[in-house]
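A.B. asks: Got a file for you: target37.csv, CSV, C-alpha atoms.
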chain,number,residue,atom,x,y,z
A,1,MET,CA,203.4,-184.5,10.8
A,2,LEU,CA,207.1,-184.7,9.7
A,3,SER,CA,206.3,-187.6,7.4
A,4,LYS,CA,203.5,-185.7,5.7
A,5,LEU,CA,205.8,-182.7,5.3
A,6,LYS,CA,208.5,-184.9,3.7
A,7,ALA,CA,206.0,-186.5,1.4
A,8,THR,CA,204.8,-183.0,0.4
A,9,PHE,CA,208.3,-181.9,-0.4
A,10,THR,CA,209.0,-185.1,-2.3
A,11,LEU,CA,205.9,-184.8,-4.5
A,12,SER,CA,206.5,-181.1,-5.1
A,13,GLY,CA,210.1,-181.9,-6.0
A,14,VAL,CA,208.9,-184.4,-8.7
A,15,PHE,CA,206.4,-181.8,-9.9
A,16,LEU,CA,209.0,-179.1,-10.2
A,17,GLY,CA,211.4,-181.6,-11.9
A,18,VAL,CA,208.8,-182.3,-14.6
A,19,LEU,CA,208.1,-178.6,-15.1
A,20,LEU,CA,211.8,-177.7,-15.4
A,21,SER,CA,212.6,-180.7,-17.7
A,22,SER,CA,209.8,-179.5,-20.1
A,23,ALA,CA,211.0,-175.9,-20.2
A,24,PRO,CA,211.7,-174.8,-23.7
A,25,ALA,CA,215.1,-174.4,-25.2
A,26,ALA,CA,216.6,-171.0,-26.1
A,27,ALA,CA,215.7,-169.1,-29.2
A,28,GLU,CA,217.2,-170.5,-32.5
A,29,ILE,CA,218.8,-167.8,-34.7
A,30,ILE,CA,219.6,-168.6,-38.3
A,31,ASP,CA,222.2,-166.2,-39.7
A,32,PHE,CA,222.4,-166.6,-43.5
A,33,GLY,CA,225.2,-164.0,-43.5
A,34,THR,CA,227.6,-166.7,-42.4
A,35,ILE,CA,226.8,-169.0,-45.3
A,36,ASN,CA,228.9,-168.1,-48.4
A,37,GLY,CA,227.1,-168.0,-51.7
A,38,PRO,CA,227.7,-166.9,-55.3
A,39,THR,CA,226.6,-163.6,-56.7
A,40,PHE,CA,223.9,-164.7,-59.1
A,41,TYR,CA,221.0,-167.2,-59.1
A,42,ASN,CA,222.3,-169.1,-62.2
A,43,GLN,CA,225.5,-169.9,-60.3
A,44,VAL,CA,223.7,-171.9,-57.7
A,45,THR,CA,223.4,-175.7,-58.3
A,46,PRO,CA,220.4,-177.0,-56.3
A,47,GLY,CA,221.1,-179.6,-53.6
A,48,GLY,CA,224.3,-177.9,-52.3
A,49,ALA,CA,225.2,-175.8,-49.3
A,50,GLN,CA,223.4,-172.8,-50.9
A,51,GLY,CA,219.9,-174.4,-51.1
A,52,PRO,CA,217.1,-174.3,-52.1
A,53,VAL,CA,216.6,-176.7,-49.1
A,54,LEU,CA,218.6,-175.8,-46.1
A,55,VAL,CA,218.2,-177.9,-42.9
A,56,PHE,CA,219.1,-176.6,-39.5
A,57,SER,CA,218.6,-178.2,-36.0
A,58,GLY,CA,215.1,-176.9,-35.5
A,59,VAL,CA,214.0,-175.6,-38.8
A,60,THR,CA,214.1,-176.4,-42.6
A,61,PHE,CA,214.1,-173.6,-45.2
A,62,THR,CA,212.8,-174.0,-48.7
A,63,GLY,CA,212.2,-171.8,-51.7
A,64,GLY,CA,215.4,-169.8,-51.8
A,65,VAL,CA,219.2,-169.9,-52.3
A,66,VAL,CA,222.0,-168.1,-50.6
A,67,LEU,CA,223.5,-165.3,-52.6
A,68,ASN,CA,226.4,-162.9,-52.0
A,69,SER,CA,225.3,-159.3,-51.5
A,70,SER,CA,228.8,-157.8,-51.9
A,71,THR,CA,227.9,-156.6,-55.4
A,72,ILE,CA,225.3,-154.3,-54.0
A,73,SER,CA,226.8,-150.8,-54.4
A,74,PRO,CA,226.9,-148.4,-52.7
A,75,SER,CA,227.0,-150.5,-49.5
A,76,ILE,CA,224.1,-150.1,-47.1
A,77,PRO,CA,224.6,-149.8,-43.3
A,78,GLY,CA,223.4,-153.0,-41.7
A,79,GLN,CA,223.6,-154.9,-44.9
A,80,SER,CA,224.3,-158.7,-44.5
A,81,PRO,CA,227.2,-160.4,-46.4
A,82,ASN,CA,224.7,-163.0,-47.7
A,83,TYR,CA,221.0,-163.5,-48.1
A,84,TYR,CA,218.7,-166.5,-48.5
A,85,SER,CA,217.0,-165.1,-51.6
A,86,THR,CA,214.1,-166.1,-53.8
A,87,SER,CA,212.9,-165.0,-57.3
A,88,ASP,CA,210.1,-166.3,-59.4
A,89,SER,CA,211.9,-165.4,-62.7
A,90,ALA,CA,215.6,-166.3,-62.1
A,91,THR,CA,217.0,-169.5,-63.4
A,92,LEU,CA,219.3,-171.7,-61.4
A,93,ALA,CA,222.3,-173.6,-62.8
A,94,ASP,CA,220.2,-176.7,-63.7
A,95,GLY,CA,217.5,-174.6,-65.4
A,96,SER,CA,215.0,-174.9,-62.5
A,97,HIS,CA,213.2,-172.0,-61.0
A,98,LEU,CA,212.4,-170.8,-57.4
A,99,PRO,CA,208.8,-170.3,-56.3
A,100,GLY,CA,209.1,-166.7,-55.1
A,101,VAL,CA,208.0,-167.8,-51.6
A,102,ILE,CA,210.3,-168.6,-48.7
A,103,THR,CA,209.0,-171.3,-46.3
A,104,ALA,CA,210.4,-172.3,-42.9
A,105,THR,CA,209.1,-175.5,-41.3
A,106,LEU,CA,209.7,-176.0,-37.6
A,107,THR,CA,210.6,-179.2,-35.9
A,108,ASN,CA,208.8,-178.0,-32.8
A,109,PRO,CA,206.2,-175.3,-32.5
A,110,VAL,CA,207.3,-171.8,-31.6
A,111,SER,CA,205.5,-168.7,-30.3
A,112,TYR,CA,207.5,-165.9,-32.0
A,113,VAL,CA,209.3,-165.5,-35.3
A,114,SER,CA,211.3,-162.6,-36.7
A,115,PHE,CA,212.9,-162.2,-40.2
A,116,ASP,CA,215.4,-159.5,-41.2
A,117,VAL,CA,214.7,-158.9,-44.8
A,118,LEU,CA,215.9,-157.3,-48.0
A,119,ASN,CA,213.8,-155.9,-50.9
A,120,GLY,CA,215.4,-157.0,-54.2
A,121,TYR,CA,212.8,-155.3,-56.4
A,122,PRO,CA,213.4,-151.8,-57.9
A,123,GLN,CA,210.0,-150.6,-56.6
A,124,PRO,CA,208.5,-150.2,-53.1
A,125,SER,CA,207.4,-153.6,-51.8
A,126,ILE,CA,205.5,-155.0,-48.8
A,127,LEU,CA,206.7,-158.3,-47.4
A,128,THR,CA,204.3,-160.5,-45.4
A,129,LEU,CA,205.3,-163.1,-42.8
A,130,SER,CA,202.6,-165.6,-42.1
A,131,GLY,CA,202.5,-168.3,-39.4
A,132,PHE,CA,200.5,-171.5,-39.5
A,133,SER,CA,199.7,-174.3,-37.2
A,134,ALA,CA,200.6,-178.0,-37.8
A,135,SER,CA,197.2,-178.4,-39.4
A,136,GLY,CA,197.7,-175.5,-41.7
A,137,GLN,CA,195.5,-173.0,-39.8
A,138,LEU,CA,196.6,-169.3,-40.2
A,139,LEU,CA,197.7,-168.1,-36.8
A,140,ALA,CA,199.3,-164.7,-37.4
A,141,THR,CA,200.6,-162.3,-40.1
A,142,GLY,CA,203.0,-159.4,-40.0
A,143,THR,CA,204.0,-157.0,-42.8
A,144,VAL,CA,206.9,-154.6,-43.5
A,145,PRO,CA,207.0,-151.9,-46.2
A,146,LEU,CA,210.4,-151.5,-47.9
A,147,ASP,CA,211.9,-148.9,-50.2
A,148,PRO,CA,213.0,-149.9,-53.7
A,149,PHE,CA,216.2,-151.9,-54.2
A,150,PHE,CA,219.3,-149.7,-54.5
A,151,SER,CA,217.5,-146.9,-52.7
A,152,GLY,CA,219.5,-147.1,-49.5
A,153,ALA,CA,218.9,-148.4,-45.9
A,154,GLY,CA,215.1,-148.4,-46.4
A,155,GLU,CA,215.3,-151.5,-48.6
A,156,LEU,CA,216.2,-153.4,-45.4
A,157,GLY,CA,213.7,-154.1,-42.7
A,158,SER,CA,212.4,-156.6,-40.1
A,159,VAL,CA,209.0,-158.3,-39.8
A,160,SER,CA,207.8,-160.5,-36.9
A,161,ILE,CA,204.8,-162.5,-35.7
A,162,SER,CA,203.7,-163.9,-32.4
A,163,ALA,CA,201.2,-166.7,-31.6
A,164,PRO,CA,201.2,-170.0,-29.8
A,165,GLY,CA,201.8,-173.2,-31.9
A,166,ILE,CA,203.5,-171.8,-35.0
A,167,SER,CA,204.8,-174.8,-36.9
A,168,GLU,CA,205.4,-173.2,-40.4
A,169,VAL,CA,206.0,-169.7,-41.7
A,170,THR,CA,206.0,-168.2,-45.2
A,171,LEU,CA,207.5,-165.0,-46.5
A,172,THR,CA,205.7,-163.5,-49.5
A,173,SER,CA,205.6,-160.2,-51.3
A,174,ASP,CA,203.2,-157.9,-53.2
A,175,GLN,CA,205.7,-157.8,-56.0
A,176,PRO,CA,204.1,-158.6,-59.4
A,177,PRO,CA,204.4,-162.1,-60.8
A,178,GLY,CA,207.6,-162.5,-62.8
A,179,SER,CA,209.4,-159.8,-60.8
A,180,VAL,CA,209.4,-161.3,-57.3
A,181,ASP,CA,212.8,-160.8,-55.6
A,182,PHE,CA,213.6,-160.6,-51.9
A,183,GLY,CA,215.8,-162.2,-49.3
A,184,VAL,CA,216.3,-163.0,-45.6
A,185,SER,CA,219.5,-162.3,-43.8
A,186,GLN,CA,218.6,-163.6,-40.4
A,187,ALA,CA,215.7,-165.5,-38.9
A,188,THR,CA,214.8,-165.9,-35.2
A,189,PHE,CA,212.5,-168.5,-33.7
A,190,VAL,CA,211.5,-168.4,-30.0
A,191,PRO,CA,209.9,-171.5,-28.4
A,192,GLU,CA,206.7,-171.4,-26.3
A,193,PRO,CA,207.3,-169.0,-23.4
A,194,ALA,CA,208.4,-170.3,-20.0
A,195,THR,CA,206.0,-168.0,-18.1
A,196,TRP,CA,203.7,-170.9,-17.2
A,197,VAL,CA,206.7,-172.8,-15.7
A,198,LEU,CA,207.6,-169.9,-13.5
A,199,LEU,CA,203.9,-169.4,-12.4
A,200,SER,CA,203.7,-173.1,-11.6
A,201,ILE,CA,206.9,-173.0,-9.5
A,202,GLY,CA,205.5,-170.0,-7.6
A,203,ALA,CA,202.2,-171.7,-7.0
A,204,SER,CA,204.1,-174.9,-5.8
A,205,GLY,CA,206.2,-172.8,-3.5
A,206,PHE,CA,203.1,-171.1,-2.0
A,207,PHE,CA,201.5,-174.6,-1.6
A,208,LEU,CA,204.6,-175.8,0.3
A,209,TYR,CA,204.6,-172.8,2.5
A,210,ARG,CA,200.9,-173.2,3.4
A,211,ARG,CA,201.3,-176.9,4.2
A,212,LYS,CA,204.4,-176.3,6.3
A,213,THR,CA,202.8,-173.5,8.4
A,214,ARG,CA,199.7,-175.4,8.9
A,215,SER,CA,201.6,-178.5,10.0
A,216,LEU,CA,203.8,-176.6,12.4
A,217,SER,CA,200.8,-174.9,14.0
A,218,ARG,CA,199.2,-178.3,14.9
Spell out the structure here as structure tokens.
C.D. replies:
Amino acid sequence: MLSKLKATFTLSGVFLGVLLSSAPAAAEIIDFGTINGPTFYNQVTPGGAQGPVLVFSGVTFTGGVVLNSSTISPSIPGQSPNYYSTSDSATLADGSHLPGVITATLTNPVSYVSFDVLNGYPQPSILTLSGFSASGQLLATGTVPLDPFFSGAGELGSVSISAPGISEVTLTSDQPPGSVDFGVSQATFVPEPATWVLLSIGASGFFLYRRKTRSLSR
């Protein structure tokens, strides 16, 4: 009886070790406000620390460049120092153009994404965050309506999506072609939830308790 109980605990310990070792890491937060950039698009030389391609530990951003928002006046409560911004009409220092779409590609799938955003267009705009699987399947979309640029705090907002297996996200707008202008101050990516790990641990504990009580009653 004792040997069976020990074996049960040993196997369960291995089982729990596998579960815990596969538990997801903490959320990754990309704060573009900490990345210094110039004031205007034509002051950005592609390939540098301002983009358009910015690689972080778990995500790669493309389609924008980091710009300094200190020229926005009057200042807006909650405004970030810098934004990862895109425009389909602005010209960069080498004469190239941005696509007017911001894309983030994940190293590992996540289940929740949130973007803090800025409307750079002088008319009301709707920004759309879309999440895709590794095969390109659309998994979730979220939208946020924003006031016109220079209108006050309403030009800032947040948009989020939630779905298992998100491997890529895009941020787009309903702004007319040739006038697209928006940015991201912060992006948050949350790995697959650990709920199943906790449930499995609870089930394993109950299994151990049942085996132990049964063995002691014999």
A.B. asks: When you count all atoms listed in the file, which of these residues is closest to A:Val180: A:Ala163, A:Ala49, A:Val101, A:Val117?
C.D. replies: A:Val101
A.B. asks: Which is closest to A:Thr86 among A:Gly178, A:Pro193, A:Gly154, A:Gly48, if we use only C-alpha atoms?
C.D. replies: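 The shortest atom-to-atom distance to A:Thr86 comes from A:Gly178.
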A.B. asks: Point out the residue among A:Leu118, A:Gly100, A:Ser160, A:Ala134 with the least atom-to-atom distance to A:Asp147, counting only C-alpha atoms.
C.D. replies: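 Nearest to A:Asp147: A:Leu118.
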A.B. asks: Find the spatial neighbours of A:Ser125, counting all atoms listed in the file, within a cut-off of 8 Å - ignore same-chain residues fewer than 3 positions away - and output them as a list in words.
C.D. replies: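 Residues meeting the cut-off are Asn119, Tyr121, Pro145, Leu146, Asp147, Pro148, Ser173, Asp174 and Gln175 of chain A.
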A.B. asks: One number please: atom CA of A:Ser162 to atom CA of A:Ser57, in Å, one decimal.
C.D. replies: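 These atoms are spaced 21.0 Å apart.
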A.B. asks: When distances are computed from all atoms listed in the file, which of A:Pro177, A:Gly51, A:Gly58, A:Pro164 shows the smallest separation from A:Ile30?
C.D. replies: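 The shortest atom-to-atom distance to A:Ile30 comes from A:Gly58.
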A.B. asks: Between atom CA of A:Asp116 and atom CA of A:Asn82, measure the distance and give it in Å to one decimal.
C.D. replies: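 Rounded to one decimal, the two atoms are 11.9 Å apart.
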A.B. asks: What separation in Å, quoted to one decimal, exists between atom CA of A:Gly33 and atom CA of A:Ser179?
C.D. replies: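 Distance between the two atoms: 23.8 Å.
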A.B. asks: My list of candidates is A:Glu28, A:Gln186, A:Gly64, A:Ser158. Which is closest to A:His97 when distances are computed with only C-alpha atoms?
C.D. replies: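 Going through A:Glu28, A:Gln186, A:Gly64, A:Ser158 one by one, the smallest distance to A:His97 is for A:Gly64.
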A.B. asks: Restricting the calculation to all atoms listed in the file: of A:Pro46, A:Gly183, A:Pro176, A:Gly63, which residue gets closest to A:Gln123?
C.D. replies: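 Using all atoms listed in the file, the shortest distance to A:Gln123 belongs to A:Pro176.
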A.B. asks: As AutoDock Vina command-line options, what would the box around stretch 55-58 of chain A look like: edges along x, y and z, 5 Å added on every side, centre and edge lengths in Å to one decimal?
C.D. replies:
--center_x 217.1 --center_y -177.4 --center_z -39.2 --size_x 14.0 --size_y 11.6 --size_z 17.4
A.B. asks: Can I get a file of stretch 132-157 of chain A from the given structure, C-alpha atoms kept, as an mmCIF file, in the first residue's frame?
C.D. replies:
data_model
loop_
_atom_site.group_PDB
_atom_site.id
_atom_site.type_symbol
_atom_site.label_atom_id
_atom_site.label_comp_id
_atom_site.auth_asym_id
_atom_site.auth_seq_id
_atom_site.Cartn_x
_atom_site.Cartn_y
_atom_site.Cartn_z
ATOM 1 C CA PHE A 132 -4.920 36.345 -36.944
ATOM 2 C CA SER A 133 -3.766 32.776 -36.440
ATOM 3 C CA ALA A 134 -0.414 31.479 -37.696
ATOM 4 C CA SER A 135 -2.209 30.310 -40.863
ATOM 5 C CA GLY A 136 -3.736 33.731 -41.472
ATOM 6 C CA GLN A 137 -7.248 33.004 -40.202
ATOM 7 C CA LEU A 138 -9.061 36.014 -38.735
ATOM 8 C CA LEU A 139 -9.707 35.266 -35.047
ATOM 9 C CA ALA A 140 -10.962 38.528 -33.542
ATOM 10 C CA THR A 141 -11.486 42.227 -34.226
ATOM 11 C CA GLY A 142 -11.958 45.254 -32.005
ATOM 12 C CA THR A 143 -12.646 48.895 -32.818
ATOM 13 C CA VAL A 144 -12.306 52.254 -31.088
ATOM 14 C CA PRO A 145 -13.826 55.566 -32.293
ATOM 15 C CA LEU A 146 -11.574 58.589 -31.812
ATOM 16 C CA ASP A 147 -12.141 62.326 -31.959
ATOM 17 C CA PRO A 148 -10.230 64.444 -34.517
ATOM 18 C CA PHE A 149 -6.556 65.188 -33.984
ATOM 19 C CA PHE A 150 -6.014 68.360 -31.927
ATOM 20 C CA SER A 151 -9.497 68.028 -30.419
ATOM 21 C CA GLY A 152 -8.363 67.005 -26.931
ATOM 22 C CA ALA A 153 -8.266 63.819 -24.882
ATOM 23 C CA GLY A 154 -10.819 62.133 -27.158
ATOM 24 C CA GLU A 155 -8.192 61.634 -29.824
ATOM 25 C CA LEU A 156 -6.596 59.063 -27.494
ATOM 26 C CA GLY A 157 -8.118 55.646 -26.863
#
